[in-house]
Amino acid sequence: IIHTEHDAWHLANKKQRLLQRLFITLVRPIYVADAQFVAQQVKKLIPSLEPIVIANGVDINKFKPRKHEKQLVLKEYALPKNLTFIGCAARLESVKAHDVLIKALYNLPENIGLVLAGTGSLKIKLTDLVKKLKLENRVFFLGHIEDMTKFYSLIDVFCLSSHNEGLPLSPMEAQACGVPVVLTNVGGCKEAICTKTGLIVEPDNPKLLSKALMALIDSKSDISPRKFIEQQRSIDKMIEQYIECCLV
């Protein structure tokens with residue numbers, strides 16, 4: 001029996017922590033954390049636990065560079081062809097801090113746009129912010145997207161401006177598609193990023209975020225973040241590690 005912890009926020013609650021201890025004592029599972037950050041948080045809250053760290057992985061056969069499809073996808077979503085796009089795939093909730101990303105876009109040149117994949121309770125509030133900043137021609141809410149490979153073919157830079165994260169999958173999917181990422185320094189984001197191509201910034205700082213985004217857009221690097229995913233964050237590597245921990 002394997003128990004995988006994707007975040008430790010719930011363990012800050014005393015009742016949840018006691019239930020977790022009871023569960024571990026009775027079931028005695030192999031206890032896995034999906035990031036070093038999560039393992040450290042678990043250890044801090046339940047010192048008796050020693051989680052094995054196995055990072056989540058993405059399917060590199062599904063998520064791969066498809067820039068040749070960009071024009072078709074632009075047409076499918078009726079998007080302008082003259083913009084360089086930043087993309088974010090996350091539910092439209094406060095923890096994801098889309099407002100910070102939209103404010104960062106406001107500081108960027110007019111030839112840069114933003115496409116948002118996802119649904120959530122803040123859609124109207126975020127739409128109002130876009131109107132207030134007069135960004136209606138540069139910010140596009142695409143809603144739920146079934147085939148995310150299409151989304152990643154649209155964008156030049158991927159960004160999560162979150163207040164909190166575990167080990168986020170969407171930036172790893174984007175990097176598998178050859179798209180560099182900008183992430184905020186929260187949770188396990190440092191473990192999800194190719195340091196040769198991506199950037200980490202402090203959360204809740206639109207000015208710093210806009211500078212990082214501009215730096216990647218202007219970058220002439222020929223290094224692809226896909227190699228990092230192939231070597232360290234593929235689903236095949238994740239499966240191998242789970243099999244190994246079961247055989248010990």
# chains A, B, ... in the order shown; residues from 1 in each chain; ligands from 1
$ residues_around --residues "A:Val53" --least-positions-apart "4" --cutoff "6 Å" --atoms "only C-alpha atoms" --output "list of chain:residue names"
A:Val32, A:Ala33, A:Asp34, A:Ala35
$ residues_around --residues "stretch 96-113 of chain A" --least-positions-apart "4" --cutoff "9 Å" --atoms "only C-alpha atoms" --output "ChimeraX atom specification"
/A:82-88,90-92,126,129-130,133-135,137-140,159-165,203-211,213-214
$ write_last_selection --atoms "N, CA, C and O atoms" --output "compact mmCIF listing (two decimals), in the first residue's frame"
# COMPACT_ATOMS: atom_id res chain seq x y z
N ASN A 82 -1.11 38.43 -34.40
CA ASN A 82 0.00 39.38 -34.29
C ASN A 82 0.54 39.53 -32.87
O ASN A 82 1.32 40.45 -32.59
N LEU A 83 0.13 38.64 -31.95
CA LEU A 83 0.57 38.74 -30.56
C LEU A 83 1.52 37.61 -30.19
O LEU A 83 1.37 36.47 -30.65
N THR A 84 2.49 37.93 -29.35
CA THR A 84 3.29 36.93 -28.66
C THR A 84 2.53 36.57 -27.39
O THR A 84 2.17 37.46 -26.61
N PHE A 85 2.30 35.27 -27.18
CA PHE A 85 1.42 34.88 -26.08
C PHE A 85 2.15 34.30 -24.87
O PHE A 85 2.98 33.41 -24.99
N ILE A 86 1.78 34.83 -23.70
CA ILE A 86 2.06 34.19 -22.42
C ILE A 86 0.85 33.32 -22.11
O ILE A 86 -0.28 33.71 -22.41
N GLY A 87 1.07 32.15 -21.52
CA GLY A 87 -0.05 31.28 -21.20
C GLY A 87 -0.05 30.84 -19.75
O GLY A 87 1.01 30.71 -19.12
N CYS A 88 -1.24 30.64 -19.22
CA CYS A 88 -1.39 30.10 -17.87
C CYS A 88 -2.53 29.09 -17.88
O CYS A 88 -3.61 29.38 -18.40
N ALA A 90 -4.63 27.09 -15.18
CA ALA A 90 -4.91 26.94 -13.75
C ALA A 90 -6.35 27.34 -13.49
O ALA A 90 -6.91 28.16 -14.21
N ARG A 91 -6.95 26.75 -12.46
CA ARG A 91 -8.32 27.12 -12.13
C ARG A 91 -8.37 28.59 -11.72
O ARG A 91 -7.41 29.11 -11.12
N LEU A 92 -9.45 29.24 -12.04
CA LEU A 92 -9.59 30.68 -11.78
C LEU A 92 -10.02 30.92 -10.33
O LEU A 92 -11.17 31.25 -10.03
N LEU A 126 -12.03 38.67 -12.61
CA LEU A 126 -10.83 38.82 -13.44
C LEU A 126 -11.17 39.53 -14.76
O LEU A 126 -10.38 40.35 -15.25
N LEU A 129 -11.25 43.14 -14.07
CA LEU A 129 -9.90 43.69 -13.96
C LEU A 129 -9.31 43.94 -15.34
O LEU A 129 -8.67 44.99 -15.57
N VAL A 130 -9.53 43.00 -16.24
CA VAL A 130 -9.05 43.16 -17.63
C VAL A 130 -9.66 44.41 -18.26
O VAL A 130 -8.96 45.20 -18.92
N LEU A 133 -8.16 47.66 -16.81
CA LEU A 133 -6.82 47.95 -17.31
C LEU A 133 -6.78 48.11 -18.83
O LEU A 133 -5.71 48.29 -19.41
N LYS A 134 -7.99 48.02 -19.45
CA LYS A 134 -8.11 48.17 -20.91
C LYS A 134 -7.24 47.16 -21.66
O LYS A 134 -6.51 47.49 -22.60
N LEU A 135 -7.34 45.90 -21.24
CA LEU A 135 -6.57 44.82 -21.85
C LEU A 135 -7.46 43.83 -22.61
O LEU A 135 -7.05 42.71 -22.89
N ASN A 137 -8.21 43.44 -25.59
CA ASN A 137 -7.67 42.93 -26.86
C ASN A 137 -6.39 42.13 -26.69
O ASN A 137 -5.79 41.69 -27.67
N ARG A 138 -6.02 41.93 -25.40
CA ARG A 138 -4.76 41.21 -25.14
C ARG A 138 -4.91 40.04 -24.17
O ARG A 138 -3.99 39.23 -24.03
N VAL A 139 -6.05 39.94 -23.49
CA VAL A 139 -6.28 38.84 -22.53
C VAL A 139 -7.47 38.02 -23.01
O VAL A 139 -8.54 38.57 -23.28
N PHE A 140 -7.29 36.69 -23.06
CA PHE A 140 -8.32 35.82 -23.62
C PHE A 140 -8.55 34.64 -22.68
O PHE A 140 -7.62 33.89 -22.36
N CYS A 159 3.35 30.74 -17.54
CA CYS A 159 3.52 31.40 -16.24
C CYS A 159 2.48 30.95 -15.24
O CYS A 159 1.29 30.88 -15.55
N LEU A 160 2.93 30.65 -14.02
CA LEU A 160 2.06 30.49 -12.86
C LEU A 160 2.48 31.55 -11.85
O LEU A 160 3.63 31.57 -11.42
N SER A 161 1.55 32.41 -11.47
CA SER A 161 1.85 33.47 -10.51
C SER A 161 1.26 33.16 -9.14
O SER A 161 0.91 34.04 -8.37
N SER A 162 1.18 31.89 -8.80
CA SER A 162 0.44 31.39 -7.63
C SER A 162 0.96 31.92 -6.29
O SER A 162 2.13 32.24 -6.13
N HIS A 163 0.03 31.93 -5.31
CA HIS A 163 0.38 32.21 -3.93
C HIS A 163 0.84 30.93 -3.22
O HIS A 163 1.64 30.98 -2.30
N ASN A 164 0.30 29.79 -3.63
CA ASN A 164 0.65 28.49 -3.05
C ASN A 164 0.63 27.43 -4.14
O ASN A 164 -0.16 27.51 -5.08
N GLU A 165 1.51 26.43 -4.02
CA GLU A 165 1.54 25.29 -4.93
C GLU A 165 2.11 24.09 -4.20
O GLU A 165 2.78 24.22 -3.17
N PRO A 203 6.42 35.86 -5.07
CA PRO A 203 4.99 35.99 -5.36
C PRO A 203 4.47 37.40 -5.11
O PRO A 203 5.10 38.19 -4.42
N ASP A 204 3.31 37.67 -5.71
CA ASP A 204 2.57 38.91 -5.48
C ASP A 204 3.40 40.16 -5.80
O ASP A 204 3.35 41.17 -5.09
N ASN A 205 4.14 40.10 -6.91
CA ASN A 205 4.96 41.24 -7.33
C ASN A 205 4.86 41.40 -8.85
O ASN A 205 5.70 40.88 -9.59
N PRO A 206 3.83 42.12 -9.34
CA PRO A 206 3.61 42.25 -10.78
C PRO A 206 4.80 42.83 -11.54
O PRO A 206 5.09 42.41 -12.67
N LYS A 207 5.52 43.78 -10.93
CA LYS A 207 6.64 44.40 -11.63
C LYS A 207 7.77 43.41 -11.86
O LYS A 207 8.33 43.33 -12.96
N LEU A 208 8.13 42.65 -10.83
CA LEU A 208 9.17 41.63 -10.99
C LEU A 208 8.73 40.56 -11.98
O LEU A 208 9.53 40.08 -12.79
N LEU A 209 7.46 40.20 -11.92
CA LEU A 209 6.94 39.19 -12.82
C LEU A 209 7.01 39.66 -14.26
O LEU A 209 7.40 38.90 -15.15
N SER A 210 6.65 40.89 -14.51
CA SER A 210 6.70 41.41 -15.88
C SER A 210 8.14 41.43 -16.40
O SER A 210 8.38 41.12 -17.58
N LYS A 211 9.11 41.77 -15.55
CA LYS A 211 10.52 41.77 -15.97
C LYS A 211 10.99 40.36 -16.34
O LYS A 211 11.70 40.17 -17.33
N LEU A 213 9.08 37.82 -17.31
CA LEU A 213 8.39 37.41 -18.54
C LEU A 213 9.05 38.05 -19.77
O LEU A 213 9.27 37.39 -20.79
N MET A 214 9.38 39.33 -19.67
CA MET A 214 10.02 40.02 -20.78
C MET A 214 11.39 39.42 -21.08
O MET A 214 11.79 39.29 -22.24
$ residues_around --residues "stretch 190-197 of chain A" --least-positions-apart "3" --cutoff "6 Å" --atoms "only C-alpha atoms" --output "list in words"
Pro180, Pro225 and Phe228 of chain A
$ closest_residue --among "A:Asp156, A:Glu136, A:Asp222, A:Asp128" --to "A:Arg66" --atoms "only C-alpha atoms"
A:Asp156
$ select_by_dssp --residues "stretch 99-191 of chain A" --states "strand (DSSP E)" --output "list in words"
Ile112, Gly113, Leu114, Val115, Leu116, Ala117, Val139, Phe140, Phe141, Leu142, Gly143, Val157, Phe158, Cys159, Leu160, Val181, Val182, Leu183 and Thr184 of chain A
$ write_last_selection --atoms "N, CA, C and O atoms" --output "mmCIF file, in the first residue's frame"
data_model
loop_
_atom_site.group_PDB
_atom_site.id
_atom_site.type_symbol
_atom_site.label_atom_id
_atom_site.label_comp_id
_atom_site.auth_asym_id
_atom_site.auth_seq_id
_atom_site.Cartn_x
_atom_site.Cartn_y
_atom_site.Cartn_z
ATOM 1 N N ILE A 112 2.210 41.866 -26.780
ATOM 2 C CA ILE A 112 2.233 40.657 -25.945
ATOM 3 C C ILE A 112 0.845 40.435 -25.362
ATOM 4 O O ILE A 112 0.241 41.345 -24.778
ATOM 5 N N GLY A 113 0.333 39.220 -25.536
ATOM 6 C CA GLY A 113 -0.993 38.876 -25.033
ATOM 7 C C GLY A 113 -0.931 37.765 -24.008
ATOM 8 O O GLY A 113 0.136 37.202 -23.728
ATOM 9 N N LEU A 114 -2.086 37.453 -23.441
ATOM 10 C CA LEU A 114 -2.190 36.436 -22.396
ATOM 11 C C LEU A 114 -3.385 35.534 -22.677
ATOM 12 O O LEU A 114 -4.498 36.027 -22.896
ATOM 13 N N VAL A 115 -3.148 34.223 -22.694
ATOM 14 C CA VAL A 115 -4.243 33.264 -22.841
ATOM 15 C C VAL A 115 -4.347 32.454 -21.556
ATOM 16 O O VAL A 115 -3.352 31.973 -21.019
ATOM 17 N N LEU A 116 -5.581 32.324 -21.056
ATOM 18 C CA LEU A 116 -5.837 31.646 -19.789
ATOM 19 C C LEU A 116 -6.712 30.427 -20.018
ATOM 20 O O LEU A 116 -7.832 30.538 -20.524
ATOM 21 N N ALA A 117 -6.199 29.258 -19.649
ATOM 22 C CA ALA A 117 -6.972 28.020 -19.723
ATOM 23 C C ALA A 117 -7.452 27.675 -18.324
ATOM 24 O O ALA A 117 -6.672 27.697 -17.372
ATOM 25 N N VAL A 139 -6.049 39.942 -23.486
ATOM 26 C CA VAL A 139 -6.279 38.845 -22.534
ATOM 27 C C VAL A 139 -7.475 38.020 -23.005
ATOM 28 O O VAL A 139 -8.544 38.569 -23.277
ATOM 29 N N PHE A 140 -7.285 36.692 -23.063
ATOM 30 C CA PHE A 140 -8.318 35.820 -23.621
ATOM 31 C C PHE A 140 -8.551 34.639 -22.685
ATOM 32 O O PHE A 140 -7.620 33.891 -22.356
ATOM 33 N N PHE A 141 -9.799 34.497 -22.237
ATOM 34 C CA PHE A 141 -10.202 33.389 -21.369
ATOM 35 C C PHE A 141 -10.701 32.254 -22.259
ATOM 36 O O PHE A 141 -11.748 32.361 -22.893
ATOM 37 N N LEU A 142 -9.971 31.150 -22.279
ATOM 38 C CA LEU A 142 -10.309 30.042 -23.172
ATOM 39 C C LEU A 142 -11.149 28.971 -22.490
ATOM 40 O O LEU A 142 -11.609 28.044 -23.146
ATOM 41 N N GLY A 143 -11.342 29.082 -21.178
ATOM 42 C CA GLY A 143 -12.151 28.096 -20.459
ATOM 43 C C GLY A 143 -11.455 26.747 -20.360
ATOM 44 O O GLY A 143 -10.234 26.646 -20.460
ATOM 45 N N VAL A 157 5.725 31.629 -23.698
ATOM 46 C CA VAL A 157 6.159 31.515 -22.309
ATOM 47 C C VAL A 157 4.968 31.063 -21.479
ATOM 48 O O VAL A 157 3.845 31.527 -21.700
ATOM 49 N N PHE A 158 5.210 30.168 -20.525
ATOM 50 C CA PHE A 158 4.165 29.734 -19.600
ATOM 51 C C PHE A 158 4.425 30.382 -18.246
ATOM 52 O O PHE A 158 5.578 30.529 -17.821
ATOM 53 N N CYS A 159 3.352 30.739 -17.542
ATOM 54 C CA CYS A 159 3.524 31.404 -16.244
ATOM 55 C C CYS A 159 2.476 30.950 -15.240
ATOM 56 O O CYS A 159 1.285 30.883 -15.548
ATOM 57 N N LEU A 160 2.934 30.651 -14.022
ATOM 58 C CA LEU A 160 2.062 30.491 -12.862
ATOM 59 C C LEU A 160 2.476 31.552 -11.847
ATOM 60 O O LEU A 160 3.629 31.574 -11.420
ATOM 61 N N VAL A 181 9.335 28.554 -18.734
ATOM 62 C CA VAL A 181 8.335 28.938 -17.741
ATOM 63 C C VAL A 181 8.870 29.972 -16.761
ATOM 64 O O VAL A 181 10.065 30.033 -16.475
ATOM 65 N N VAL A 182 7.938 30.789 -16.245
ATOM 66 C CA VAL A 182 8.193 31.679 -15.119
ATOM 67 C C VAL A 182 7.242 31.261 -14.005
ATOM 68 O O VAL A 182 6.025 31.191 -14.215
ATOM 69 N N LEU A 183 7.783 30.967 -12.828
ATOM 70 C CA LEU A 183 6.976 30.526 -11.692
ATOM 71 C C LEU A 183 7.297 31.375 -10.475
ATOM 72 O O LEU A 183 8.379 31.956 -10.372
ATOM 73 N N THR A 184 6.361 31.447 -9.556
ATOM 74 C CA THR A 184 6.637 32.133 -8.298
ATOM 75 C C THR A 184 7.303 31.163 -7.319
ATOM 76 O O THR A 184 7.108 29.944 -7.390
#
$ closest_residue --among "A:Met148, A:Ile24, A:Leu247, A:Ile239" --to "A:Ala176" --atoms "only C-alpha atoms"
A:Met148
$ atom_distance --atom1 "atom CA of A:Ile2" --atom2 "atom CA of A:Val95"
28.4 Å
$ residues_around --residues "A:Gln231" --least-positions-apart "5" --cutoff "12 Å" --atoms "only C-alpha atoms" --output "PDB file with all heavy atoms, in the first residue's frame"
ATOM      1  N   GLY A  57       5.444  13.008 -12.614  1.00  0.00           N
ATOM      2  CA  GLY A  57       5.994  13.081 -13.963  1.00  0.00           C
ATOM      3  C   GLY A  57       4.906  13.313 -14.992  1.00  0.00           C
ATOM      4  O   GLY A  57       3.721  13.118 -14.718  1.00  0.00           O
ATOM      5  N   VAL A  58       5.308  13.746 -16.185  1.00  0.00           N
ATOM      6  CA  VAL A  58       4.363  13.985 -17.273  1.00  0.00           C
ATOM      7  C   VAL A  58       4.690  13.073 -18.449  1.00  0.00           C
ATOM      8  O   VAL A  58       5.821  12.607 -18.605  1.00  0.00           O
ATOM      9  CB  VAL A  58       4.361  15.461 -17.718  1.00  0.00           C
ATOM     10  CG1 VAL A  58       3.927  16.356 -16.579  1.00  0.00           C
ATOM     11  CG2 VAL A  58       5.728  15.893 -18.237  1.00  0.00           C
ATOM     12  N   ILE A  60       5.809  12.400 -21.759  1.00  0.00           N
ATOM     13  CA  ILE A  60       6.586  13.118 -22.777  1.00  0.00           C
ATOM     14  C   ILE A  60       6.245  12.661 -24.186  1.00  0.00           C
ATOM     15  O   ILE A  60       6.640  13.315 -25.163  1.00  0.00           O
ATOM     16  CB  ILE A  60       8.108  12.989 -22.528  1.00  0.00           C
ATOM     17  CG1 ILE A  60       8.546  11.523 -22.535  1.00  0.00           C
ATOM     18  CG2 ILE A  60       8.483  13.666 -21.210  1.00  0.00           C
ATOM     19  CD1 ILE A  60      10.054  11.340 -22.442  1.00  0.00           C
ATOM     20  N   ALA A 176       7.780  20.234 -21.351  1.00  0.00           N
ATOM     21  CA  ALA A 176       7.884  19.061 -22.225  1.00  0.00           C
ATOM     22  C   ALA A 176       7.564  19.429 -23.669  1.00  0.00           C
ATOM     23  O   ALA A 176       8.062  18.804 -24.611  1.00  0.00           O
ATOM     24  CB  ALA A 176       6.947  17.959 -21.740  1.00  0.00           C
ATOM     25  N   CYS A 194      13.088  23.999 -15.183  1.00  0.00           N
ATOM     26  CA  CYS A 194      14.415  23.884 -15.785  1.00  0.00           C
ATOM     27  C   CYS A 194      15.151  25.183 -15.507  1.00  0.00           C
ATOM     28  O   CYS A 194      14.773  26.242 -16.025  1.00  0.00           O
ATOM     29  CB  CYS A 194      14.298  23.639 -17.287  1.00  0.00           C
ATOM     30  SG  CYS A 194      15.861  23.803 -18.186  1.00  0.00           S
ATOM     31  N   PRO A 225      13.739  23.401 -22.610  1.00  0.00           N
ATOM     32  CA  PRO A 225      13.456  22.847 -21.279  1.00  0.00           C
ATOM     33  C   PRO A 225      12.975  21.398 -21.340  1.00  0.00           C
ATOM     34  O   PRO A 225      12.866  20.738 -20.306  1.00  0.00           O
ATOM     35  CB  PRO A 225      12.359  23.763 -20.737  1.00  0.00           C
ATOM     36  CG  PRO A 225      11.680  24.310 -21.950  1.00  0.00           C
ATOM     37  CD  PRO A 225      12.757  24.445 -22.979  1.00  0.00           C
ATOM     38  N   ARG A 226      12.700  20.902 -22.538  1.00  0.00           N
ATOM     39  CA  ARG A 226      12.213  19.523 -22.673  1.00  0.00           C
ATOM     40  C   ARG A 226      13.236  18.517 -22.136  1.00  0.00           C
ATOM     41  O   ARG A 226      12.859  17.500 -21.553  1.00  0.00           O
ATOM     42  CB  ARG A 226      11.870  19.207 -24.127  1.00  0.00           C
ATOM     43  CG  ARG A 226      11.374  17.788 -24.327  1.00  0.00           C
ATOM     44  CD  ARG A 226      10.894  17.530 -25.756  1.00  0.00           C
ATOM     45  NE  ARG A 226      10.617  16.123 -25.974  1.00  0.00           N
ATOM     46  CZ  ARG A 226       9.496  15.504 -25.648  1.00  0.00           C
ATOM     47  NH1 ARG A 226       8.526  16.179 -25.062  1.00  0.00           N
ATOM     48  NH2 ARG A 226       9.328  14.216 -25.884  1.00  0.00           N
ATOM     49  N   ASP A 236       7.577   8.055 -17.049  1.00  0.00           N
ATOM     50  CA  ASP A 236       8.274   6.767 -17.035  1.00  0.00           C
ATOM     51  C   ASP A 236       9.259   6.692 -15.874  1.00  0.00           C
ATOM     52  O   ASP A 236       9.374   5.652 -15.212  1.00  0.00           O
ATOM     53  CB  ASP A 236       9.010   6.545 -18.367  1.00  0.00           C
ATOM     54  CG  ASP A 236       8.047   6.344 -19.530  1.00  0.00           C
ATOM     55  OD1 ASP A 236       6.916   5.893 -19.288  1.00  0.00           O
ATOM     56  OD2 ASP A 236       8.428   6.631 -20.677  1.00  0.00           O
ATOM     57  N   LYS A 237       9.962   7.796 -15.632  1.00  0.00           N
ATOM     58  CA  LYS A 237      10.905   7.826 -14.506  1.00  0.00           C
ATOM     59  C   LYS A 237      10.144   7.708 -13.187  1.00  0.00           C
ATOM     60  O   LYS A 237      10.580   7.006 -12.267  1.00  0.00           O
ATOM     61  CB  LYS A 237      11.722   9.114 -14.543  1.00  0.00           C
ATOM     62  CG  LYS A 237      12.764   9.206 -13.439  1.00  0.00           C
ATOM     63  CD  LYS A 237      13.650  10.424 -13.606  1.00  0.00           C
ATOM     64  CE  LYS A 237      14.715  10.492 -12.511  1.00  0.00           C
ATOM     65  NZ  LYS A 237      15.640   9.346 -12.550  1.00  0.00           N
ATOM     66  N   MET A 238       9.000   8.372 -13.101  1.00  0.00           N
ATOM     67  CA  MET A 238       8.180   8.305 -11.898  1.00  0.00           C
ATOM     68  C   MET A 238       7.738   6.865 -11.624  1.00  0.00           C
ATOM     69  O   MET A 238       7.828   6.369 -10.493  1.00  0.00           O
ATOM     70  CB  MET A 238       6.960   9.215 -12.045  1.00  0.00           C
ATOM     71  CG  MET A 238       6.040   9.228 -10.834  1.00  0.00           C
ATOM     72  SD  MET A 238       4.459  10.064 -11.166  1.00  0.00           S
ATOM     73  CE  MET A 238       3.602   8.760 -12.078  1.00  0.00           C
TER      74      MET A 238
END
$ closest_residue --among "A:Thr25, A:Ser234, A:Asn61, A:Gln36" --to "A:Met172" --atoms "only C-alpha atoms"
A:Ser234
$ residues_around --residues "A:Leu72" --least-positions-apart "3" --cutoff "12 Å" --atoms "only C-alpha atoms" --output "PyMOL selection string"
chain A and resi 66-69+75-81+150-151+153-154
$ closest_residue --among "A:Glu93, A:Glu230, A:Glu5, A:Glu50" --to "A:Cys177" --atoms "only C-alpha atoms"
A:Glu230
$ closest_residue --among "A:Gln20, A:Lys131, A:Gly187, A:Asn56" --to "A:Asp7" --atoms "only C-alpha atoms"
A:Gly187
$ select_by_dssp --residues "stretch 41-115 of chain A" --states "alpha helix (DSSP H)" --output "ChimeraX atom specification"
/A:41-45,70-76,98-106
